[in-house]
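Enquirer: Next comes final-v9.cif, mmCIF, C-alpha atoms:
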data_query
#
loop_
_atom_site.group_PDB
_atom_site.id
_atom_site.type_symbol
_atom_site.label_atom_id
_atom_site.label_comp_id
_atom_site.auth_asym_id
_atom_site.auth_seq_id
_atom_site.Cartn_x
_atom_site.Cartn_y
_atom_site.Cartn_z
ATOM 1 C CA MET A 1 0.000 0.000 0.000
ATOM 2 C CA GLN A 2 1.329 3.447 -0.907
ATOM 3 C CA PRO A 3 1.694 6.091 1.811
ATOM 4 C CA ASP A 4 -0.971 8.792 1.942
ATOM 5 C CA CYS A 5 0.877 12.111 2.195
ATOM 6 C CA SER A 6 -1.584 14.975 2.498
ATOM 7 C CA VAL A 7 -0.447 18.579 2.149
ATOM 8 C CA ASP A 8 -2.462 21.472 3.524
ATOM 9 C CA PRO A 9 -1.113 24.905 2.513
ATOM 10 C CA SER A 10 -2.883 26.564 5.444
ATOM 11 C CA THR A 11 -0.625 24.817 7.979
ATOM 12 C CA THR A 12 2.981 25.653 8.702
ATOM 13 C CA SER A 13 5.672 23.516 10.258
ATOM 14 C CA ALA A 14 8.293 26.236 10.798
ATOM 15 C CA GLY A 15 8.667 29.964 11.064
ATOM 16 C CA SER A 16 6.491 32.661 12.517
ATOM 17 C CA ALA A 17 3.928 35.185 11.362
ATOM 18 C CA ASP A 18 6.825 37.456 10.388
ATOM 19 C CA ASP A 19 8.405 34.752 8.226
ATOM 20 C CA ALA A 20 8.306 35.608 4.521
ATOM 21 C CA ILE A 21 8.562 31.955 3.461
ATOM 22 C CA ASP A 22 5.627 29.570 3.794
ATOM 23 C CA HIS A 23 6.435 26.063 5.045
ATOM 24 C CA PRO A 24 3.408 23.816 4.470
ATOM 25 C CA ALA A 25 3.251 20.809 6.719
ATOM 26 C CA TYR A 26 2.705 17.312 5.441
ATOM 27 C CA ARG A 27 2.050 14.040 7.138
ATOM 28 C CA CYS A 28 2.438 10.540 5.740
ATOM 29 C CA VAL A 29 0.609 7.492 6.967
ATOM 30 C CA VAL A 30 2.640 4.382 6.154
ATOM 31 C CA TYR A 31 1.350 0.866 6.702
ATOM 32 C CA PRO A 32 4.330 -1.508 7.054
ATOM 33 C CA LEU A 33 4.282 -5.199 6.278
ATOM 34 C CA ALA A 34 4.214 -7.759 9.083
ATOM 35 C CA ASN A 35 8.041 -7.687 9.173
ATOM 36 C CA GLY A 36 7.994 -3.939 9.949
ATOM 37 C CA THR A 37 9.237 -2.711 6.551
ATOM 38 C CA TRP A 38 7.583 -0.980 3.638
ATOM 39 C CA SER A 39 8.565 -0.254 0.055
ATOM 40 C CA GLY A 40 6.970 2.136 -2.367
ATOM 41 C CA ARG A 41 6.641 5.738 -3.444
ATOM 42 C CA ALA A 42 5.399 8.630 -1.302
ATOM 43 C CA ASN A 43 3.341 11.022 -3.423
ATOM 44 C CA LEU A 44 1.953 14.293 -2.136
ATOM 45 C CA LEU A 45 -1.821 14.666 -2.320
ATOM 46 C CA PRO A 46 -2.616 18.374 -2.608
ATOM 47 C CA ILE A 47 -5.429 19.988 -0.631
ATOM 48 C CA GLY A 48 -6.657 23.189 -2.253
ATOM 49 C CA TRP A 49 -4.115 23.216 -5.094
ATOM 50 C CA ASN A 50 -3.248 21.100 -8.162
ATOM 51 C CA ILE A 51 -0.182 19.208 -9.336
ATOM 52 C CA GLY A 52 0.597 19.595 -13.023
ATOM 53 C CA VAL A 53 2.563 21.563 -15.589
ATOM 54 C CA SER A 54 0.191 24.420 -16.488
ATOM 55 C CA ALA A 55 0.501 27.989 -15.223
ATOM 56 C CA THR A 56 -2.196 27.374 -12.585
ATOM 57 C CA ASP A 57 -0.591 24.142 -11.324
ATOM 58 C CA HIS A 58 2.391 23.305 -9.136
ATOM 59 C CA ARG A 59 5.235 20.836 -9.586
ATOM 60 C CA VAL A 60 6.803 18.847 -6.720
ATOM 61 C CA CYS A 61 10.575 18.355 -6.470
ATOM 62 C CA ARG A 62 12.444 16.187 -3.930
ATOM 63 C CA TYR A 63 15.490 17.533 -2.100
ATOM 64 C CA VAL A 64 18.149 14.880 -2.718
ATOM 65 C CA THR A 65 21.707 14.219 -1.514
ATOM 66 C CA ASP A 66 24.066 11.453 -2.653
ATOM 67 C CA VAL A 67 25.042 10.558 0.918
ATOM 68 C CA ASP A 68 27.042 7.429 0.075
ATOM 69 C CA GLY A 69 28.846 8.921 -2.965
ATOM 70 C CA SER A 70 27.577 6.207 -5.316
ATOM 71 C CA GLY A 71 26.663 8.709 -8.026
ATOM 72 C CA ALA A 72 22.971 7.856 -7.690
ATOM 73 C CA ILE A 73 20.067 8.712 -5.402
ATOM 74 C CA ASP A 74 19.369 5.099 -4.466
ATOM 75 C CA ALA A 75 19.575 4.778 -0.667
ATOM 76 C CA ASN A 76 16.415 5.448 1.363
ATOM 77 C CA ILE A 77 18.103 8.245 3.357
ATOM 78 C CA GLU A 78 18.956 10.064 0.062
ATOM 79 C CA HIS A 79 15.243 10.611 -0.731
ATOM 80 C CA PRO A 80 14.823 8.402 -3.815
ATOM 81 C CA ALA A 81 11.686 8.394 -5.937
ATOM 82 C CA ASN A 82 10.924 4.860 -4.718
ATOM 83 C CA TYR A 83 11.832 3.529 -1.287
ATOM 84 C CA THR A 84 12.958 -0.064 -0.662
ATOM 85 C CA ALA A 85 12.616 -2.050 2.597
ATOM 86 C CA VAL A 86 12.319 0.995 4.866
ATOM 87 C CA ASN A 87 12.491 -0.040 8.517
ATOM 88 C CA THR A 88 13.198 3.243 10.294
ATOM 89 C CA SER A 89 12.111 6.877 10.318
ATOM 90 C CA LEU A 90 13.542 8.927 7.472
ATOM 91 C CA PRO A 91 14.448 12.474 8.530
ATOM 92 C CA HIS A 92 14.940 15.352 6.108
ATOM 93 C CA GLN A 93 12.721 13.973 3.357
ATOM 94 C CA ASN A 94 11.691 17.407 2.143
ATOM 95 C CA TYR A 95 9.957 18.681 -0.961
ATOM 96 C CA LEU A 96 10.051 21.896 -2.949
ATOM 97 C CA VAL A 97 6.812 22.999 -4.590
ATOM 98 C CA ILE A 98 7.269 25.283 -7.593
ATOM 99 C CA ALA A 99 5.127 26.686 -10.391
ATOM 100 C CA GLY A 100 3.967 24.007 -12.833
ATOM 101 C CA PRO A 101 5.839 25.313 -15.903
ATOM 102 C CA GLU A 102 9.152 25.634 -13.981
ATOM 103 C CA THR A 103 11.958 23.052 -13.823
ATOM 104 C CA CYS A 104 13.274 21.564 -10.561
ATOM 105 C CA PRO A 105 16.701 22.996 -9.627
ATOM 106 C CA SER A 106 19.062 20.281 -10.873
ATOM 107 C CA ASN A 107 21.865 20.617 -8.318
ATOM 108 C CA THR A 108 19.801 20.031 -5.161
ATOM 109 C CA THR A 109 16.486 18.543 -6.237
ATOM 110 C CA ALA A 110 14.992 15.903 -8.509
ATOM 111 C CA PRO A 111 11.589 15.924 -10.207
ATOM 112 C CA HIS A 112 8.940 14.032 -8.228
ATOM 113 C CA GLN A 113 5.441 15.028 -9.379
ATOM 114 C CA PRO A 114 4.280 15.237 -12.130
#
Re-express the file's structure as structure tokens.

Expert:
Amino acid sequence: MQPDCSVDPSTTSAGSADDAIDHPAYRCVVYPLANGTWSGRANLLPIGWNIGVSATDHRVCRYVTDVDGSGAIDANIEHPANYTAVNTSLPHQNYLVIAGPETCPSNTTAPHQP
């Protein structure tokens, strides 16, 4: 079963009223297998906005880091598109939401949705 990651732009996870940058909060519900692991892809489900490539849509990028120096984003901690045999919490799995027609910054992010 895929995680259900709902995003509500009216909530914030960081900052204050004086903060110029909005930080929407998201929560994922993950249902592990009997052995305590799960594999799959975590997609954001927008609330009050759309994912797509048109001027009225938004695109989702993943912040990625090649932690192990393998030349690929393939370890769960590196924030891959698809996770494999996750058995622990994964910190710093953050997303960047940009305008639909824009391109994800290539040096720090990877395209995720659409």

Enquirer: Please compute the atom CA of Ser54 of chain A-atom CA of Ala42 of chain A distance, one decimal, in Å.

Expert: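 The value is 22.5 Å.
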
Enquirer: Identify all residues satisfying the PyMOL selection byres ((chain A and resi 66-79) around 12) in the given file; provide them as a VMD selection string.

Expert: chain A and resid 38 to 42 61 to 65 80 to 95 107 to 112

Enquirer: Tell me which of A:Pro114, A:Pro105, A:Gly36, A:Gly100 sits closest to Val53 of chain A, counting only C-alpha atoms.

Expert: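 The closest residue to Val53 of chain A is A:Gly100.
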
Enquirer: Need the shell around Val60 of chain A: protein/DNA/RNA residues with any atom at most 6 Å away, counting all atoms listed in the file. Skip same-chain ones fewer than 3 positions apart. Format as a list in words?

Expert: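 Close residues of Val60 of chain A: Leu96, Val97, His112 and Gln113 of chain A.
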
Enquirer: By how many Å are atom CA of Val30 of chain A and atom CA of Leu44 of chain A apart?

Expert: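 These atoms are spaced 12.9 Å apart.
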
Enquirer: For Ala55 of chain A, please output as a PyMOL selection string all residues within 10 Å (counting all atoms listed in the file; exclusion window: fewer than 2 positions along the same chain).

Expert: chain A and resi 52-53+57-58+99-102

Enquirer: Which of these residues is nearest to Thr56 of chain A, using only C-alpha atoms: A:Ile98, A:Asn43, A:Tyr31, A:Thr37?

Expert: A:Ile98
